[in-house]
$ cat data01.cif   # mmCIF, C-alpha atoms
data_start
loop_
_atom_site.label_atom_id
_atom_site.label_comp_id
_atom_site.auth_asym_id
_atom_site.auth_seq_id
_atom_site.Cartn_x
_atom_site.Cartn_y
_atom_site.Cartn_z
CA MET A 1 -74.64 18.38 24.90
CA SER A 2 -71.69 16.64 26.54
CA ARG A 3 -68.81 18.58 28.03
CA SER A 4 -65.11 17.90 27.87
CA ALA A 5 -63.25 16.44 30.80
CA SER A 6 -61.46 19.76 30.99
CA ASP A 7 -64.66 21.67 31.80
CA PRO A 8 -65.15 21.91 35.58
CA VAL A 9 -68.05 19.92 37.00
CA PRO A 10 -70.68 22.18 38.60
CA ALA A 11 -70.36 22.57 42.36
CA GLY A 12 -72.63 20.30 44.35
CA PRO A 13 -72.59 16.70 45.60
CA PRO A 14 -69.39 14.63 45.43
CA ALA A 15 -68.30 13.58 41.96
CA ARG A 16 -69.74 10.40 40.52
CA PHE A 17 -68.46 8.24 37.72
CA ALA A 18 -70.07 6.28 34.92
CA VAL A 19 -68.24 3.77 32.75
CA VAL A 20 -69.19 2.41 29.34
CA ALA A 21 -67.71 -1.08 29.49
CA ASN A 22 -68.36 -4.78 29.36
CA PRO A 23 -69.53 -5.31 32.97
CA GLU A 24 -67.88 -8.70 33.36
CA ASN A 25 -64.49 -7.48 32.18
CA ARG A 26 -61.63 -7.02 34.63
CA ARG A 27 -61.02 -3.54 33.23
CA ALA A 28 -64.37 -2.41 34.61
CA ALA A 29 -63.66 -4.10 37.95
CA LEU A 30 -60.23 -2.49 38.29
CA PHE A 31 -61.57 0.97 37.58
CA ALA A 32 -64.48 0.46 39.99
CA ASP A 33 -61.98 -0.54 42.68
CA ALA A 34 -60.06 2.67 42.07
CA VAL A 35 -63.21 4.79 42.33
CA ARG A 36 -64.25 3.15 45.60
CA ALA A 37 -60.72 3.53 46.97
CA ALA A 38 -61.11 7.28 46.38
CA GLY A 39 -64.06 7.26 48.79
CA LEU A 40 -66.73 7.49 46.10
CA PRO A 41 -69.65 5.24 45.23
CA ALA A 42 -68.97 2.55 42.67
CA PRO A 43 -69.35 3.87 39.12
CA ARG A 44 -72.50 3.28 37.14
CA ILE A 45 -71.72 0.67 34.50
CA VAL A 46 -73.33 1.17 31.10
CA PRO A 47 -72.84 -2.01 29.03
CA TRP A 48 -71.46 -1.65 25.51
CA GLU A 49 -74.08 -4.14 24.34
CA ARG A 50 -76.87 -1.83 25.50
CA VAL A 51 -75.20 1.18 23.85
CA LEU A 52 -74.84 -0.66 20.55
CA ARG A 53 -78.38 -2.02 20.54
CA SER A 54 -80.02 1.27 21.54
CA GLY A 55 -77.85 3.60 19.49
CA GLY A 56 -76.37 5.53 22.44
CA ALA A 57 -76.81 6.41 26.10
CA GLU A 58 -77.64 9.43 28.26
CA PHE A 59 -75.57 10.74 31.16
CA ALA A 60 -76.33 13.27 33.85
CA PRO A 61 -74.53 16.63 33.58
CA ASP A 62 -72.38 15.89 36.64
CA GLU A 63 -71.43 12.30 35.74
CA ILE A 64 -67.77 11.81 34.83
CA VAL A 65 -67.95 9.42 31.89
CA ARG A 66 -65.14 7.03 31.06
CA LEU A 67 -65.10 4.69 28.07
CA ASP A 68 -63.37 1.35 28.33
CA SER A 69 -62.53 -1.27 25.75
CA PRO A 70 -65.47 -3.12 24.15
CA GLY A 71 -63.21 -6.15 23.63
CA GLU A 72 -63.34 -9.67 25.09
CA ASN A 73 -67.11 -10.01 24.83
CA THR A 74 -68.47 -12.31 22.12
CA ASP A 75 -71.88 -10.63 21.85
CA VAL A 76 -70.40 -7.15 21.63
CA ASP A 77 -67.86 -8.30 19.07
CA ARG A 78 -70.64 -9.78 16.95
CA LEU A 79 -72.58 -6.50 17.09
CA LEU A 80 -69.49 -4.60 15.98
CA ARG A 81 -68.13 -6.95 13.32
CA ASP A 82 -70.88 -9.41 12.32
CA MET A 83 -68.38 -12.23 12.66
CA PRO A 84 -69.67 -15.59 13.95
CA ASP A 85 -66.28 -16.51 15.40
CA PRO A 86 -64.57 -13.91 17.65
CA THR A 87 -61.15 -15.29 16.73
CA ARG A 88 -61.60 -14.25 13.11
CA VAL A 89 -59.43 -11.33 12.03
CA GLU A 90 -61.64 -9.84 9.32
CA GLY A 91 -64.25 -7.13 9.88
CA SER A 92 -62.15 -4.43 11.55
CA ALA A 93 -63.37 -1.69 9.20
CA ARG A 94 -66.95 -2.51 10.11
CA TRP A 95 -65.93 -2.58 13.80
CA TYR A 96 -64.45 0.89 13.43
CA ARG A 97 -67.52 2.42 11.76
CA ARG A 98 -69.91 1.01 14.34
CA PHE A 99 -67.67 1.83 17.29
CA VAL A 100 -67.25 5.47 16.22
CA ARG A 101 -70.99 5.77 15.61
CA ALA A 102 -71.72 4.31 19.05
CA VAL A 103 -69.31 6.73 20.75
CA ARG A 104 -70.94 9.67 18.98
CA GLY A 105 -74.29 8.43 20.28
CA LEU A 106 -73.30 9.02 23.91
CA ARG A 107 -74.93 12.18 25.24
CA GLY A 108 -74.27 14.34 28.29
CA GLY A 109 -71.85 13.97 31.15
CA VAL A 110 -68.25 15.10 31.55
CA ARG A 111 -66.26 13.03 29.08
CA LEU A 112 -62.81 11.63 29.72
CA ASP A 113 -62.55 10.48 26.08
CA ASP A 114 -63.17 12.75 23.10
CA PRO A 115 -65.17 11.17 20.23
CA GLY A 116 -63.20 12.89 17.49
CA GLU A 117 -59.88 11.94 19.02
CA LEU A 118 -60.99 8.33 19.46
CA ALA A 119 -61.81 8.23 15.74
CA VAL A 120 -58.20 9.22 15.03
CA LEU A 121 -56.69 6.91 17.64
CA PHE A 122 -58.46 3.92 16.13
CA ASP A 123 -57.24 4.64 12.61
CA LYS A 124 -53.49 4.01 12.46
CA ARG A 125 -53.16 6.07 9.29
CA LEU A 126 -54.80 9.12 10.82
CA CYS A 127 -52.96 8.70 14.11
CA HIS A 128 -49.59 8.38 12.39
CA ALA A 129 -50.30 11.50 10.34
CA ALA A 130 -51.32 13.49 13.43
CA LEU A 131 -48.14 12.50 15.25
CA ALA A 132 -45.92 13.31 12.27
CA ALA A 133 -47.60 16.69 11.78
CA ALA A 134 -46.79 17.53 15.42
CA ASP A 135 -43.14 16.53 14.89
CA VAL A 136 -43.45 13.46 17.09
CA PRO A 137 -40.92 10.87 15.86
CA VAL A 138 -42.62 7.95 14.12
CA PRO A 139 -41.48 5.23 11.71
CA TRP A 140 -41.72 6.46 8.14
CA SER A 141 -44.93 5.45 6.38
CA PRO A 142 -46.27 5.79 2.84
CA THR A 143 -49.88 5.31 3.97
CA SER A 144 -50.41 8.40 6.15
CA GLY A 145 -50.40 12.12 5.54
CA PRO A 146 -51.34 14.13 2.43
CA ASP A 147 -49.36 11.88 0.06
CA ALA A 148 -50.76 8.62 1.41
CA VAL A 149 -50.99 5.78 -1.07
CA PRO A 150 -53.84 3.25 -1.03
CA VAL A 151 -53.04 -0.40 -0.37
CA SER A 152 -55.41 -2.79 -2.09
CA GLY A 153 -53.35 -5.93 -1.62
CA TRP A 154 -49.97 -7.62 -1.67
CA ASP A 155 -48.97 -6.18 -5.04
CA ASP A 156 -49.23 -2.67 -3.57
CA VAL A 157 -47.16 -3.70 -0.56
CA ARG A 158 -44.51 -5.14 -2.86
CA ALA A 159 -44.49 -1.95 -4.93
CA ALA A 160 -44.10 0.22 -1.80
CA MET A 161 -41.19 -1.92 -0.63
CA ARG A 162 -39.41 -1.40 -3.95
CA GLU A 163 -40.26 2.28 -4.46
CA HIS A 164 -39.41 3.37 -0.92
CA ARG A 165 -36.53 0.95 -0.37
CA MET A 166 -38.17 -0.81 2.53
CA PRO A 167 -36.81 -4.36 2.63
CA ARG A 168 -38.35 -4.69 6.11
CA LEU A 169 -41.70 -3.22 7.11
CA PHE A 170 -44.75 -3.76 9.26
CA VAL A 171 -48.12 -4.32 7.62
CA LYS A 172 -50.92 -3.40 10.02
CA LEU A 173 -54.69 -3.34 9.94
CA ALA A 174 -55.67 0.31 9.98
CA HIS A 175 -58.22 -0.40 12.72
CA GLY A 176 -56.56 -3.35 14.43
CA SER A 177 -55.52 -3.75 18.05
CA SER A 178 -53.57 -6.21 20.20
CA ALA A 179 -51.40 -7.14 17.18
CA SER A 180 -54.42 -8.47 15.29
CA GLY A 181 -53.57 -8.58 11.61
CA VAL A 182 -49.98 -7.35 12.07
CA LEU A 183 -47.26 -8.81 9.85
CA ALA A 184 -43.55 -8.10 10.20
CA VAL A 185 -42.38 -8.57 6.61
CA GLU A 186 -38.77 -8.86 5.52
CA SER A 187 -37.16 -9.60 2.17
CA SER A 188 -33.75 -11.02 1.47
CA GLY A 189 -31.30 -9.79 -1.14
CA ARG A 190 -32.48 -12.62 -3.39
CA GLY A 191 -36.07 -11.44 -3.20
CA ARG A 192 -37.31 -14.13 -0.84
CA MET A 193 -40.00 -13.05 1.61
CA ARG A 194 -40.74 -13.92 5.22
CA ALA A 195 -43.56 -12.69 7.46
CA THR A 196 -43.86 -13.05 11.23
CA THR A 197 -47.42 -12.76 12.52
CA SER A 198 -50.04 -14.16 14.88
CA VAL A 199 -52.47 -14.57 11.97
CA GLU A 200 -53.36 -18.16 11.13
CA LEU A 201 -54.31 -18.73 7.49
CA ALA A 202 -56.93 -21.47 7.19
CA ALA A 203 -57.21 -23.78 4.20
CA ASP A 204 -60.31 -21.93 2.96
CA GLY A 205 -58.54 -18.55 3.12
CA SER A 206 -60.12 -17.41 6.38
CA LEU A 207 -57.91 -15.63 8.90
CA PHE A 208 -57.81 -16.34 12.62
CA ASN A 209 -56.05 -14.67 15.54
CA SER A 210 -53.79 -17.08 17.33
CA LEU A 211 -51.70 -16.97 20.49
CA LYS A 212 -48.95 -18.64 18.50
CA VAL A 213 -46.55 -16.42 16.58
CA ARG A 214 -45.75 -18.08 13.25
CA ARG A 215 -43.60 -17.43 10.21
CA TYR A 216 -44.72 -17.67 6.62
CA GLU A 217 -41.85 -18.39 4.27
CA ARG A 218 -43.82 -18.76 1.01
CA GLU A 219 -44.71 -15.50 -0.70
CA GLN A 220 -48.02 -16.93 -1.92
CA ASP A 221 -49.09 -17.46 1.70
CA ILE A 222 -48.03 -13.95 2.69
CA ALA A 223 -49.90 -12.57 -0.31
CA ALA A 224 -53.02 -14.52 0.64
CA VAL A 225 -53.01 -13.07 4.17
CA VAL A 226 -52.40 -9.50 3.00
CA ASP A 227 -55.01 -9.72 0.23
CA ALA A 228 -57.58 -10.97 2.74
CA LEU A 229 -56.77 -8.14 5.16
CA ALA A 230 -56.70 -5.35 2.57
CA PRO A 231 -60.47 -4.71 2.32
CA ASP A 232 -60.42 -3.59 5.97
CA GLY A 233 -57.66 -1.03 5.27
CA LEU A 234 -53.91 -1.38 5.70
CA HIS A 235 -51.18 0.81 7.16
CA LEU A 236 -47.50 0.32 6.28
CA GLU A 237 -44.53 1.38 8.41
CA ARG A 238 -40.79 1.06 7.98
CA TRP A 239 -39.40 -1.57 10.36
CA LEU A 240 -37.03 0.12 12.80
CA PRO A 241 -34.52 -2.31 14.34
CA LYS A 242 -35.18 -2.27 18.08
CA ALA A 243 -32.82 -2.26 21.02
CA SER A 244 -32.59 -5.48 22.97
CA GLN A 245 -32.58 -6.56 26.58
CA ALA A 246 -31.16 -9.94 27.60
CA GLY A 247 -31.00 -10.91 23.93
CA ARG A 248 -34.69 -10.16 23.27
CA ALA A 249 -36.21 -7.30 21.24
CA ALA A 250 -37.54 -4.62 23.58
CA ASP A 251 -40.00 -1.77 23.53
CA LEU A 252 -42.01 0.16 26.12
CA ARG A 253 -45.66 0.79 26.89
CA VAL A 254 -45.88 4.17 28.60
CA VAL A 255 -49.19 5.34 30.05
CA VAL A 256 -49.77 9.09 29.92
CA VAL A 257 -52.45 10.49 32.22
CA ALA A 258 -53.44 14.15 31.98
CA GLY A 259 -50.35 14.99 29.97
CA ARG A 260 -47.88 13.26 32.28
CA ALA A 261 -46.11 9.94 31.77
CA THR A 262 -47.17 8.06 34.89
CA HIS A 263 -46.51 4.36 34.27
CA ALA A 264 -44.13 2.40 32.09
CA VAL A 265 -43.44 -1.24 31.39
CA VAL A 266 -40.75 -2.84 29.25
CA ARG A 267 -41.89 -5.59 26.89
CA THR A 268 -39.39 -8.07 25.48
CA SER A 269 -39.82 -10.82 22.93
CA ALA A 270 -37.92 -13.33 20.83
CA SER A 271 -40.07 -12.21 17.87
CA PRO A 272 -40.79 -8.76 16.39
CA LEU A 273 -44.17 -8.79 18.20
CA THR A 274 -43.69 -7.85 21.86
CA ASN A 275 -47.34 -8.09 22.97
CA LEU A 276 -47.51 -9.88 26.30
CA HIS A 277 -50.35 -12.17 25.21
CA LEU A 278 -48.15 -13.40 22.32
CA GLY A 279 -45.31 -14.61 24.51
CA GLY A 280 -43.78 -11.26 25.33
CA ARG A 281 -42.38 -10.81 28.82
CA ARG A 282 -42.00 -7.81 31.08
CA GLY A 283 -38.44 -6.55 31.12
CA ASP A 284 -36.32 -4.55 33.53
CA LEU A 285 -37.23 -0.85 33.53
CA ASP A 286 -34.25 0.09 35.71
CA ALA A 287 -31.98 -1.53 33.16
CA VAL A 288 -33.59 0.57 30.41
CA ARG A 289 -32.95 3.76 32.38
CA ASP A 290 -29.35 2.70 32.89
CA ALA A 291 -28.96 1.92 29.17
CA VAL A 292 -30.32 5.32 28.18
CA GLU A 293 -28.00 7.12 30.56
CA ALA A 294 -25.02 4.99 29.50
CA ALA A 295 -25.75 6.06 25.92
CA GLY A 296 -25.56 9.71 26.99
CA GLY A 297 -29.30 10.33 27.17
CA ARG A 298 -31.79 11.37 29.82
CA TRP A 299 -34.75 9.28 30.96
CA THR A 300 -36.89 12.42 31.28
CA ASP A 301 -36.40 13.07 27.57
CA VAL A 302 -37.56 9.55 26.77
CA LEU A 303 -40.78 10.16 28.72
CA ALA A 304 -41.14 13.55 27.03
CA VAL A 305 -41.47 11.82 23.65
CA CYS A 306 -44.50 9.94 25.00
CA GLU A 307 -45.98 13.10 26.50
CA ARG A 308 -45.62 14.88 23.18
CA ALA A 309 -47.49 12.04 21.50
CA ALA A 310 -50.27 12.24 24.08
CA ALA A 311 -50.45 16.02 23.61
CA CYS A 312 -51.80 15.36 20.11
CA PHE A 313 -54.96 14.15 21.88
CA PRO A 314 -55.48 16.87 24.50
CA ARG A 315 -59.14 16.10 25.21
CA THR A 316 -58.52 12.44 26.07
CA LEU A 317 -57.46 11.88 29.67
CA CYS A 318 -55.36 8.73 29.24
CA VAL A 319 -53.50 7.00 26.42
CA GLY A 320 -50.96 4.21 26.21
CA VAL A 321 -47.94 5.01 24.04
CA ASP A 322 -45.89 2.26 22.43
CA LEU A 323 -42.33 3.57 22.34
CA LEU A 324 -39.74 1.94 20.08
CA PRO A 325 -36.08 2.23 21.18
CA ALA A 326 -33.57 1.96 18.37
CA VAL A 327 -30.46 -0.15 18.73
CA GLY A 328 -28.13 1.59 21.16
CA TRP A 329 -30.88 3.19 23.29
CA ARG A 330 -30.14 6.65 21.87
CA ARG A 331 -33.05 7.12 19.51
CA PHE A 332 -36.77 6.55 20.02
CA ALA A 333 -39.92 6.58 17.92
CA VAL A 334 -43.62 6.23 18.72
CA GLY A 335 -45.08 3.08 17.22
CA GLU A 336 -48.71 3.58 18.27
CA VAL A 337 -50.93 5.53 20.64
CA ASN A 338 -53.62 3.38 22.24
CA ALA A 339 -56.91 4.70 23.59
CA PHE A 340 -57.31 1.69 25.89
CA GLY A 341 -53.65 1.08 26.69
CA ASP A 342 -53.89 1.25 30.48
CA LEU A 343 -54.39 -2.41 31.42
CA LEU A 344 -51.22 -2.92 33.46
CA PRO A 345 -52.44 -4.59 36.67
CA ARG A 346 -50.49 -3.99 39.87
CA LEU A 347 -48.08 -1.57 38.18
CA THR A 348 -47.59 1.59 40.24
CA GLY A 349 -46.56 5.06 39.10
CA LEU A 350 -43.10 6.22 38.10
CA PRO A 351 -41.02 8.20 40.61
CA GLY A 352 -41.68 11.91 40.20
CA SER A 353 -44.81 11.31 38.11
CA GLY A 354 -47.36 12.31 40.75
CA ALA A 355 -48.79 8.78 40.55
CA GLU A 356 -46.41 7.06 42.96
CA GLY A 357 -48.20 4.20 44.69
CA LEU A 358 -51.15 4.40 42.30
CA ASP A 359 -52.05 1.98 39.54
CA THR A 360 -53.14 3.30 36.14
CA TYR A 361 -56.80 3.42 37.13
CA ALA A 362 -56.24 5.19 40.44
CA ALA A 363 -54.07 7.73 38.61
CA GLN A 364 -56.94 8.48 36.24
CA VAL A 365 -59.46 8.82 39.05
CA THR A 366 -57.11 11.21 40.85
CA ALA A 367 -56.64 13.26 37.69
CA ALA A 368 -60.36 13.47 37.00
CA LEU A 369 -61.16 14.50 40.57
CA ARG A 370 -58.72 17.39 40.38
CA HIS A 371 -61.26 19.08 38.15
CA ALA A 372 -64.45 17.45 39.41
CA ARG A 373 -64.36 18.34 43.09
CA PRO A 374 -65.64 21.72 44.19
CA GLY A 375 -62.91 24.12 45.20
CA THR A 376 -60.16 22.64 43.01
CA ALA A 377 -58.41 24.53 40.27
CA SER A 378 -60.27 24.60 37.00
CA ALA A 379 -58.86 22.92 33.91
CA PRO A 380 -57.00 24.85 31.21
CA SER A 381 -59.29 26.77 28.87
CA THR A 382 -57.67 25.05 25.88
CA GLY A 383 -59.31 21.77 26.84
CA GLN A 384 -56.01 20.09 27.54
CA TRP A 385 -55.43 17.84 30.53
CA CYS A 386 -52.41 18.92 32.57
CA LEU A 387 -51.64 18.05 36.17
CA GLY A 388 -48.79 20.49 36.71
CA ARG A 389 -45.06 20.09 36.46
CA HIS A 390 -42.73 17.17 37.02
CA ALA A 391 -40.09 17.30 39.69
CA ASP A 392 -37.67 18.13 36.85
CA GLU A 393 -38.80 21.73 36.37
CA GLU A 394 -36.01 22.60 33.96
CA HIS A 395 -36.85 19.65 31.73
CA HIS A 396 -40.49 20.59 31.45
CA ALA A 397 -39.75 24.21 30.80
CA GLN A 398 -37.98 22.95 27.68
CA HIS A 399 -40.47 20.18 26.82
CA PRO A 400 -43.98 21.22 27.93
CA PRO A 401 -46.04 18.01 27.93
CA CYS A 402 -49.28 19.71 26.98
CA ALA A 403 -47.96 21.90 24.18
CA GLU A 404 -50.10 21.45 21.11
CA HIS A 405 -47.21 21.97 18.68
CA HIS A 406 -43.58 21.08 19.07
CA ARG A 407 -41.83 22.98 16.34
CA HIS A 408 -38.44 22.69 18.02
CA HIS A 409 -38.18 19.03 17.05
CA GLN A 410 -36.39 18.32 13.80
CA HIS A 411 -37.63 14.82 12.94
CA ARG A 412 -41.09 14.09 11.66
CA THR A 413 -40.41 10.45 10.95
CA GLY A 414 -37.71 8.05 11.92
CA THR A 415 -36.45 8.38 15.49
CA THR A 416 -35.47 11.12 17.87
CA HIS A 417 -32.33 11.39 19.92
CA VAL A 418 -32.67 11.73 23.66
CA SER A 419 -30.71 14.72 24.88
CA ALA A 420 -27.14 14.19 25.94
#
$ encode --input "data01.cif" --output "structure tokens"
Amino acid sequence: MSRSASDPVPAGPPARFAVVANPENRRAALFADAVRAAGLPAPRIVPWERVLRSGGAEFAPDEIVRLDSPGENTDVDRLLRDMPDPTRVEGSARWYRRFVRAVRGLRGGVRLDDPGELAVLFDKRLCHAALAAADVPVPWSPTSGPDAVPVSGWDDVRAAMREHRMPRLFVKLAHGSSASGVLAVESSGRGRMRATTSVELAADGSLFNSLKVRRYEREQDIAAVVDALAPDGLHLERWLPKASQAGRAADLRVVVVAGRATHAVVRTSASPLTNLHLGGRRGDLDAVRDAVEAAGGRWTDVLAVCERAAACFPRTLCVGVDLLPAVGWRRFAVGEVNAFGDLLPRLTGLPGSGAEGLDTYAAQVTAALRHARPGTASAPSTGQWCLGRHADEEHHAQHPPCAEHHRHHQHRTGTTHVSA
């Protein structure tokens, strides 16, 4: 039976790591570099292809087991989705079922990723509901929580827009990632529709991921895309107008390691989709801090929102939180929480985070070794990852990053004010 990352590794030889990954991927190489830099042997790489073909994998009791993204490998993608072309959008529901089954087939070791939490993280409806239940601010959605409505196609999206007065909303694949299958839909007062997306609609109705962001102005085209996506499951969210930087829409990816916000990057775009691979650019983080403070807020409170989101997944060492700043930099909401959101090469830790000078992978290795090396303090009995307190002791006394519930917060959906 596998143990949680929060259970101390038995005393004995130095800690050793194992990684379930695509061996050729730079994610695996970056993490291996971080492990070696810590003075440890390179991690044992267990290929996702082998896991999927054999139905699981075994790990030694003292191996610290990290899971990395199964993406960017054609053979692995085919095993997960049965799609002949990896650029096709369809098949995400099948991907989800097979991925979750594969994760549950991993046995033994000290796990840095919890199977049950991964199943929630990779279902946007479940993740949104978990965040809202913990009073983490999120965009309002009709497709999560106890009153969730099913979405079988464009007609249901249209009905939700009318019933809930959402002239602008995001339509997302429930199990999508990297903006695959995301449409930013907006309607005019005259009922005309427009959708911004990276999905390319082929003449035969097939859908393809593209690096080009495009706009569909004809409702019949938008309907065709949504109807083709619907069998894989859809999640709807109210479109929150974002703050801007240098005239471009801006949001943040904040990496939280062991309960602490350690790394952050600003993403800006001329379109509603800020993903860097879709033409987004890194923005100025210092300018964001200045904008928050000029609006009467505190940067530590902004990071606390991300830590509260991560606290919903206490048995997962690292997550990447997409934070949406509202116009004016006074209010923030969590757009998504990503299980594999740590690919930020050469980015070092935030001041006061405990990860200064470390990239996201080195920060995770450091966090894991705090509990893996003999003689270090044991992890909390609750199974939560916490590395101690920030330099701002008063702030964390008020906003404990590893608290399971945050009843003091008044907003379940929408946005939250940063403290003045």
$ resolve_selection --input "data01.cif" --expression "the PyMOL selection byres ((chain A and resi 228) around 8)" --output "PyMOL selection string"
chain A and resi 90+153+205-207+224-227+229-231
$ closest_residue --input "data01.cif" --among "A:Gly354, A:Gly39, A:Gly105, A:Gly116" --to "Arg53 in chain A" --atoms "only C-alpha atoms"
A:Gly105
$ closest_residue --input "data01.cif" --among "A:Arg214, A:Arg104, A:Arg94, A:Arg315" --to "Gly259 in chain A" --atoms "only C-alpha atoms"
A:Arg315
$ resolve_selection --input "data01.cif" --expression "the PyMOL selection byres ((chain A and resi 26) around 12)" --output "PyMOL selection string"
chain A and resi 21-25+27-33+68-73+343-345+361
$ residues_around --input "data01.cif" --residues "range 187-192 of chain A" --least-positions-apart "6" --cutoff "10 Å" --atoms "all atoms listed in the file" --output "ChimeraX atom specification"
/A:158,161,166-169,217-219
$ atom_distance --input "data01.cif" --atom1 "CA of His263 in chain A" --atom2 "CA of Leu106 in chain A"
29.1 Å
$ closest_residue --input "data01.cif" --among "A:Gly55, A:Pro137, A:Gly349, A:Pro150" --to "Val305 in chain A" --atoms "only C-alpha atoms"
A:Pro137
$ closest_residue --input "data01.cif" --among "A:Leu211, A:Ala339, A:Ile45, A:Ala250" --to "Phe122 in chain A" --atoms "only C-alpha atoms"
A:Ala339
$ closest_residue --input "data01.cif" --among "A:Trp299, A:Phe313, A:Phe99, A:Phe208" --to "Arg331 in chain A" --atoms "all atoms listed in the file"
A:Trp299
$ resolve_selection --input "data01.cif" --expression "the PyMOL selection byres ((chain A and resi 267-271) around 10)" --output "mmCIF file with C-alpha atoms, keeping the file's coordinate frame"
data_model
loop_
_atom_site.group_PDB
_atom_site.id
_atom_site.type_symbol
_atom_site.label_atom_id
_atom_site.label_comp_id
_atom_site.auth_asym_id
_atom_site.auth_seq_id
_atom_site.Cartn_x
_atom_site.Cartn_y
_atom_site.Cartn_z
ATOM 1 C CA ALA A 184 -43.550 -8.100 10.200
ATOM 2 C CA THR A 196 -43.860 -13.050 11.230
ATOM 3 C CA THR A 197 -47.420 -12.760 12.520
ATOM 4 C CA VAL A 213 -46.550 -16.420 16.580
ATOM 5 C CA ARG A 214 -45.750 -18.080 13.250
ATOM 6 C CA ARG A 215 -43.600 -17.430 10.210
ATOM 7 C CA ALA A 243 -32.820 -2.260 21.020
ATOM 8 C CA SER A 244 -32.590 -5.480 22.970
ATOM 9 C CA GLN A 245 -32.580 -6.560 26.580
ATOM 10 C CA ALA A 246 -31.160 -9.940 27.600
ATOM 11 C CA GLY A 247 -31.000 -10.910 23.930
ATOM 12 C CA ARG A 248 -34.690 -10.160 23.270
ATOM 13 C CA ALA A 249 -36.210 -7.300 21.240
ATOM 14 C CA ALA A 250 -37.540 -4.620 23.580
ATOM 15 C CA ASP A 251 -40.000 -1.770 23.530
ATOM 16 C CA LEU A 252 -42.010 0.160 26.120
ATOM 17 C CA ARG A 253 -45.660 0.790 26.890
ATOM 18 C CA ALA A 264 -44.130 2.400 32.090
ATOM 19 C CA VAL A 265 -43.440 -1.240 31.390
ATOM 20 C CA VAL A 266 -40.750 -2.840 29.250
ATOM 21 C CA PRO A 272 -40.790 -8.760 16.390
ATOM 22 C CA LEU A 273 -44.170 -8.790 18.200
ATOM 23 C CA THR A 274 -43.690 -7.850 21.860
ATOM 24 C CA ASN A 275 -47.340 -8.090 22.970
ATOM 25 C CA LEU A 276 -47.510 -9.880 26.300
ATOM 26 C CA LEU A 278 -48.150 -13.400 22.320
ATOM 27 C CA GLY A 279 -45.310 -14.610 24.510
ATOM 28 C CA GLY A 280 -43.780 -11.260 25.330
ATOM 29 C CA ARG A 281 -42.380 -10.810 28.820
ATOM 30 C CA ARG A 282 -42.000 -7.810 31.080
ATOM 31 C CA GLY A 283 -38.440 -6.550 31.120
ATOM 32 C CA ASP A 284 -36.320 -4.550 33.530
ATOM 33 C CA LEU A 285 -37.230 -0.850 33.530
ATOM 34 C CA ASP A 322 -45.890 2.260 22.430
#
$ residues_around --input "data01.cif" --residues "Pro61 in chain A" --least-positions-apart "4" --cutoff "7 Å" --atoms "all atoms listed in the file" --output "PyMOL selection string"
chain A and resi 108-110
$ closest_residue --input "data01.cif" --among "A:Leu67, A:Cys127, A:Ala261, A:Val334" --to "Thr300 in chain A" --atoms "only C-alpha atoms"
A:Ala261
$ residues_around --input "data01.cif" --residues "Arg260 in chain A" --least-positions-apart "2" --cutoff "7 Å" --atoms "only C-alpha atoms" --output "MDAnalysis selection string"
chainID A and resid 256:258 262 307 353 401
$ decode --input "data01.cif" --residues "range 85-91 of chain A" --atoms "N, CA, C and O atoms" --output "PDB file, in the first residue's frame"
ATOM      1  N   ASP A  85      -4.404  11.303 -34.554  1.00  0.00           N
ATOM      2  CA  ASP A  85      -3.683  12.561 -34.728  1.00  0.00           C
ATOM      3  C   ASP A  85      -3.624  13.271 -33.375  1.00  0.00           C
ATOM      4  O   ASP A  85      -4.665  13.619 -32.803  1.00  0.00           O
ATOM      5  N   PRO A  86      -2.423  13.498 -32.823  1.00  0.00           N
ATOM      6  CA  PRO A  86      -2.329  14.115 -31.497  1.00  0.00           C
ATOM      7  C   PRO A  86      -2.833  15.550 -31.451  1.00  0.00           C
ATOM      8  O   PRO A  86      -3.060  16.079 -30.354  1.00  0.00           O
ATOM      9  N   THR A  87      -3.024  16.186 -32.608  1.00  0.00           N
ATOM     10  CA  THR A  87      -3.543  17.551 -32.592  1.00  0.00           C
ATOM     11  C   THR A  87      -5.066  17.595 -32.515  1.00  0.00           C
ATOM     12  O   THR A  87      -5.639  18.688 -32.355  1.00  0.00           O
ATOM     13  N   ARG A  88      -5.708  16.444 -32.593  1.00  0.00           N
ATOM     14  CA  ARG A  88      -7.157  16.419 -32.449  1.00  0.00           C
ATOM     15  C   ARG A  88      -7.551  16.783 -31.020  1.00  0.00           C
ATOM     16  O   ARG A  88      -6.873  16.449 -30.053  1.00  0.00           O
ATOM     17  N   VAL A  89      -8.689  17.444 -30.887  1.00  0.00           N
ATOM     18  CA  VAL A  89      -9.164  17.902 -29.585  1.00  0.00           C
ATOM     19  C   VAL A  89      -9.984  16.829 -28.880  1.00  0.00           C
ATOM     20  O   VAL A  89      -9.931  16.695 -27.659  1.00  0.00           O
ATOM     21  N   GLU A  90     -10.734  16.048 -29.635  1.00  0.00           N
ATOM     22  CA  GLU A  90     -11.683  15.114 -29.041  1.00  0.00           C
ATOM     23  C   GLU A  90     -10.983  13.997 -28.260  1.00  0.00           C
ATOM     24  O   GLU A  90      -9.797  13.738 -28.442  1.00  0.00           O
ATOM     25  N   GLY A  91     -11.746  13.358 -27.379  1.00  0.00           N
ATOM     26  CA  GLY A  91     -11.229  12.200 -26.642  1.00  0.00           C
ATOM     27  C   GLY A  91     -10.763  12.501 -25.240  1.00  0.00           C
ATOM     28  O   GLY A  91     -10.168  11.641 -24.587  1.00  0.00           O
TER      29      GLY A  91
END
